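What follows is a short report on a single structure.
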Amino acid sequence: MRTVTGLEQLAAEELAAASHRVIDLSKRQLIVEPTAATIITSPPRVADDLFVVQAAVPDPGRTKQDLAAAVTEACAQLTHDAGDFAVTASSLGRRNYNRFDIEDLAGGLIQELSGAWYHSRRTGESPPVERTEWRVILDGKMLWIGVRPYDVPLHRRVWRRQTVTGSLHPPVAAAMARLARIIAGHRVLDPFCGAGTLLLEAQAIEPGATYRGIDREAIAVAAARMNSPRDSSILWRTGDAARLDGPVDRILTNPPWDVRLGIGSFAPYLVQWREILAPDGLVVAILNHHQAARMIGDAAWRVIDVYDVAVAGQHPRIVVATAA
């Protein structure tokens with residue numbers, strides 16, 4: 001299973017809650033021994049992608065010669081279907097070869113053994129939409145070969161028809177929703193709702209809460225409504241995130257990071273959150289480093305946890321806090 005950098009432990013906790021066994025955890029990767037096929041039919045929401053392991057051999061190390069021997073041994077274990085396919089590879093540590101060398105080696109062998117047609121990404125050309133996707137991972141201990149059991153990666157949610165500038169990666173939103181520990185009856189607010197990613201992921205995890213999303217941009221609110229299922233009870237409206245009404249039990253939010261969208265001074269929003277949050281309420285916010293430092297250093301807040309993640313080419317921090 002693949003996940004966003006910084007969310008590995010949260011993904012492991014979600015898998016454990018579903019009674020699956022995590023047998024190895026490393027950067028962006030979890031090797032899982034599932035207890036049932038539900039890992040495929042109801043995959044973890046914090047996961048970026050999931051592959052079913054088809055072969056595994058010891059990591060070959062740095063040289064191309066050893067890589068060729070290891071990939072040949074691994075590919076001999078595979079069963080193959082006809083049709084178009086592509087391969088994506090990644091490796092940890094220094095190597096005398098790159099990802100395209102790994103992909104083309106595995107892809108060429110699979111094509112030779114199966115008669116299926118391999119589409120290389122080396123030249124930047126996109127493979128066909130209708131294809132099987134293989135994954136090769138060298139993690140320093142093992143060389144794993146897996147196949148994706150879905151047509152698209154897990155992070156491509158079926159509900160996500162619209163996005164806006166600053167839209168959050170859905171598995172990150174799912175992780176934040178889990179951190180919020182929402183229960184039925186909670187009043188949950190996102191004062192920077194954008195296209196609705198956070199609240200839609202939260203509602204998928206706990207449908208019994210009451211959700212309200214606010215954004216200053218009408219186009220964002222329209223996108224959130226477009227993304228919502230027809231039976232969704234989430235209330236979306238345009239409004240000012242510096243003028244909120246409460247009380248609320250959870251604030252779950254992704255304020256602008258001053259990268260593609262500006263926010264100005266962060267202090268007024270922290271004041272608003274403090275004023276409307278119920279006494280036992282929680283804030284779970286993904287912030288840039290300046291915003292996170294401002295909240296962590298504010299005596300009005302008691303910070304429970306901080307998670308450093310890598311997403312969208314940025315390195316924000318998920319801050320979990322309650323009123324001091």
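Residues in the structure tokens are numbered from 1 in each chain, the chains being A, B, ... in the order shown, and ligands are numbered from 1 in the order shown.
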
| message | Taking 4 positions as the minimum chain separation for residues in the same chain, which residues sit within 8 Å of Leu78 (chain A) when counting only C-alpha atoms? Answer as a PyMOL selection string. | response | chain A and resi 54-55+74

Output N, CA and C atoms of each residue in that selection to a file, as a compact mmCIF listing (two decimals), in the first residue's frame.
```
# COMPACT_ATOMS: atom_id res chain seq x y z
N GLN A 54 2.45 -9.76 -6.22
CA GLN A 54 2.50 -10.95 -7.06
C GLN A 54 3.84 -11.67 -6.97
N ALA A 55 4.90 -10.94 -6.60
CA ALA A 55 6.22 -11.54 -6.50
C ALA A 55 7.09 -10.71 -5.58
N ALA A 74 11.93 -12.47 -10.25
CA ALA A 74 10.60 -12.07 -9.79
C ALA A 74 9.55 -12.27 -10.87
```

Can I get the residues of region 142-213 of chain A within 10 Å of region 123-136 of chain A, each with the closest pair of atoms and their distance in Å to one decimal, using only C-alpha atoms, sorted chain first then ascending number, as a tab-separated table?
```
residue	atom	partner	partner_atom	distance
A:Leu143	CA	A:Val136	CA	7.0
A:Trp144	CA	A:Val136	CA	5.6
A:Ile145	CA	A:Val136	CA	4.6
A:Gly146	CA	A:Arg135	CA	5.2
A:Val147	CA	A:Trp134	CA	4.4
A:Arg148	CA	A:Glu133	CA	5.6
A:Pro149	CA	A:Glu133	CA	8.4
A:Tyr150	CA	A:Thr132	CA	8.6
A:Asp151	CA	A:Thr132	CA	7.5
A:Val152	CA	A:Glu133	CA	8.7
A:Pro153	CA	A:Glu133	CA	9.6
```

| query | Could you write out, as an NGL selection string, all the residues of region 92-300 of chain A that DSSP marks as strand (DSSP E or B)? | reply | :A and (117-118 or 132-138 or 142-147 or 187-190 or 210-215 or 235-238 or 248-253 or 277-287)

| field | DSSP alpha helix (DSSP H) selection over region 183-221 of chain A, as JSON, numbers by chain | value | {"A": [197, 198, 199, 200, 201, 202, 203, 204, 205, 218, 219, 220, 221]}

Can you spit out the residues from that selection as a short mmCIF file (atom, residue, chain, number, x, y, z; two decimals), in the first residue's frame, using all heavy atoms?
```cif
data_model
loop_
_atom_site.label_atom_id
_atom_site.label_comp_id
_atom_site.auth_asym_id
_atom_site.auth_seq_id
_atom_site.Cartn_x
_atom_site.Cartn_y
_atom_site.Cartn_z
N THR A 197 -13.57 18.91 -0.06
CA THR A 197 -12.86 17.65 0.15
C THR A 197 -12.87 17.18 1.60
O THR A 197 -13.18 16.01 1.88
CB THR A 197 -11.41 17.78 -0.34
OG1 THR A 197 -11.40 18.22 -1.70
CG2 THR A 197 -10.68 16.45 -0.25
N LEU A 198 -12.55 18.06 2.53
CA LEU A 198 -12.45 17.65 3.93
C LEU A 198 -13.77 17.14 4.49
O LEU A 198 -13.83 16.09 5.13
CB LEU A 198 -11.94 18.82 4.77
CG LEU A 198 -10.43 18.89 4.97
CD1 LEU A 198 -10.03 20.25 5.52
CD2 LEU A 198 -9.96 17.78 5.91
N LEU A 199 -14.83 17.89 4.26
CA LEU A 199 -16.11 17.48 4.85
C LEU A 199 -16.70 16.26 4.14
O LEU A 199 -17.35 15.43 4.79
CB LEU A 199 -17.10 18.65 4.81
CG LEU A 199 -16.73 19.87 5.66
CD1 LEU A 199 -17.89 20.85 5.72
CD2 LEU A 199 -16.32 19.46 7.08
N LEU A 200 -16.44 16.12 2.85
CA LEU A 200 -16.94 14.93 2.14
C LEU A 200 -16.21 13.68 2.63
O LEU A 200 -16.84 12.62 2.78
CB LEU A 200 -16.77 15.11 0.64
CG LEU A 200 -17.76 16.11 0.02
CD1 LEU A 200 -17.30 16.53 -1.37
CD2 LEU A 200 -19.16 15.52 -0.04
N GLU A 201 -14.91 13.79 2.88
CA GLU A 201 -14.19 12.64 3.44
C GLU A 201 -14.64 12.36 4.86
O GLU A 201 -14.78 11.20 5.27
CB GLU A 201 -12.69 12.91 3.39
CG GLU A 201 -12.09 12.80 2.00
CD GLU A 201 -12.17 11.40 1.42
OE1 GLU A 201 -11.84 10.44 2.14
OE2 GLU A 201 -12.56 11.27 0.25
N ALA A 202 -14.87 13.41 5.64
CA ALA A 202 -15.33 13.23 7.02
C ALA A 202 -16.70 12.57 7.06
O ALA A 202 -16.96 11.67 7.87
CB ALA A 202 -15.37 14.58 7.74
N GLN A 203 -17.59 13.01 6.19
CA GLN A 203 -18.94 12.42 6.17
C GLN A 203 -18.90 10.95 5.75
O GLN A 203 -19.70 10.14 6.24
CB GLN A 203 -19.85 13.20 5.23
CG GLN A 203 -21.31 12.76 5.31
CD GLN A 203 -22.21 13.56 4.40
OE1 GLN A 203 -21.99 13.64 3.20
NE2 GLN A 203 -23.23 14.16 4.98
N ALA A 204 -17.97 10.59 4.87
CA ALA A 204 -17.83 9.19 4.47
C ALA A 204 -17.41 8.32 5.66
O ALA A 204 -17.78 7.15 5.75
CB ALA A 204 -16.82 9.06 3.34
N ILE A 205 -16.63 8.90 6.58
CA ILE A 205 -16.16 8.17 7.75
C ILE A 205 -17.21 8.17 8.86
O ILE A 205 -17.44 7.14 9.51
CB ILE A 205 -14.84 8.78 8.25
CG1 ILE A 205 -13.73 8.55 7.21
CG2 ILE A 205 -14.43 8.20 9.60
CD1 ILE A 205 -12.47 9.33 7.46
N ALA A 218 -17.78 32.04 -4.30
CA ALA A 218 -19.00 31.34 -4.73
C ALA A 218 -18.67 30.17 -5.64
O ALA A 218 -19.36 29.13 -5.61
CB ALA A 218 -19.94 32.32 -5.44
N ILE A 219 -17.61 30.29 -6.43
CA ILE A 219 -17.24 29.20 -7.34
C ILE A 219 -16.79 27.97 -6.57
O ILE A 219 -17.04 26.83 -6.99
CB ILE A 219 -16.15 29.67 -8.33
CG1 ILE A 219 -15.98 28.64 -9.45
CG2 ILE A 219 -14.81 29.92 -7.62
CD1 ILE A 219 -15.10 29.12 -10.57
N ALA A 220 -16.16 28.17 -5.41
CA ALA A 220 -15.75 27.04 -4.57
C ALA A 220 -16.97 26.36 -3.96
O ALA A 220 -17.06 25.12 -3.93
CB ALA A 220 -14.80 27.52 -3.48
N VAL A 221 -17.90 27.14 -3.47
CA VAL A 221 -19.11 26.57 -2.87
C VAL A 221 -19.90 25.80 -3.93
O VAL A 221 -20.43 24.72 -3.65
CB VAL A 221 -19.97 27.69 -2.24
CG1 VAL A 221 -21.30 27.14 -1.76
CG2 VAL A 221 -19.21 28.34 -1.08
#
```

| query | Which residues come within 6 Å of Ser91 (chain A), counting only C-alpha atoms, excluding same-chain residues fewer than 4 positions away, as a PyMOL selection string? | reply | chain A and resi 137-139

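CA of Phe100 (chain A) lies 8.3 Å from CA of Thr88 (chain A).
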
| field | Residue neighbourhood region 274-286 of chain A, 6 Å, only C-alpha atoms, exclusion window fewer than 2 positions, as a list of chain:residue names | value |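 So the residues in contact are A:Gly246, A:Pro247, A:Val248, A:Asp249, A:Arg250, A:Ile251, A:Leu252, A:Thr253, A:Asn254, A:Val271, A:Gln272, A:Arg317, A:Ile318, A:Val319, A:Val320, A:Ala321, A:Thr322.
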
| request: Using only C-alpha atoms, pick whichever of A:Gly194, A:Gly213, A:Gly93, A:Pro229 has the shortest atom-to-atom distance to Leu244 (chain A). | output: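 Closest to Leu244 (chain A), using only C-alpha atoms: A:Gly213.
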
| request: Find the residue from A:His155, A:Arg260, A:Arg95, A:Arg237 that sits nearest to Gln314 (chain A); use only C-alpha atoms when measuring. | output: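 Of A:His155, A:Arg260, A:Arg95, A:Arg237, the one nearest Gln314 (chain A), counting only C-alpha atoms, is A:Arg260.
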
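Closest to Arg230 (chain A) among A:Trp159, A:Tyr118, A:Tyr269, A:Trp257 is A:Trp159, based on only C-alpha atoms.
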
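Between CA of Glu8 (chain A) and CA of Ala56 (chain A) the interatomic distance comes to 21.3 Å.
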
| field | Interatomic distance (Å, one decimal) between CA of Ala173 (chain A) and CA of Arg212 (chain A) | value |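 It comes out at 15.5 Å.
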
| query | Could you pull the residues within 9 Å of Arg122 (chain A), counting only C-alpha atoms, minus those fewer than 6 positions along the same chain, as JSON, numbers by chain? | reply | {"A": [99, 100, 101, 103, 104]}

Kindly assemble as a tab-separated table a list of the region 276-316 of chain A residues that lie within 12 Å of region 18-40 of chain A, each paired with its nearest atom pair and their distance in Å to one decimal, using only C-alpha atoms, sorted first by chain and then by ascending residue number.
```
residue	atom	partner	partner_atom	distance
A:Val309	CA	A:Arg28	CA	10.6
A:Ala310	CA	A:Arg28	CA	10.3
A:Val311	CA	A:Arg28	CA	11.8
```
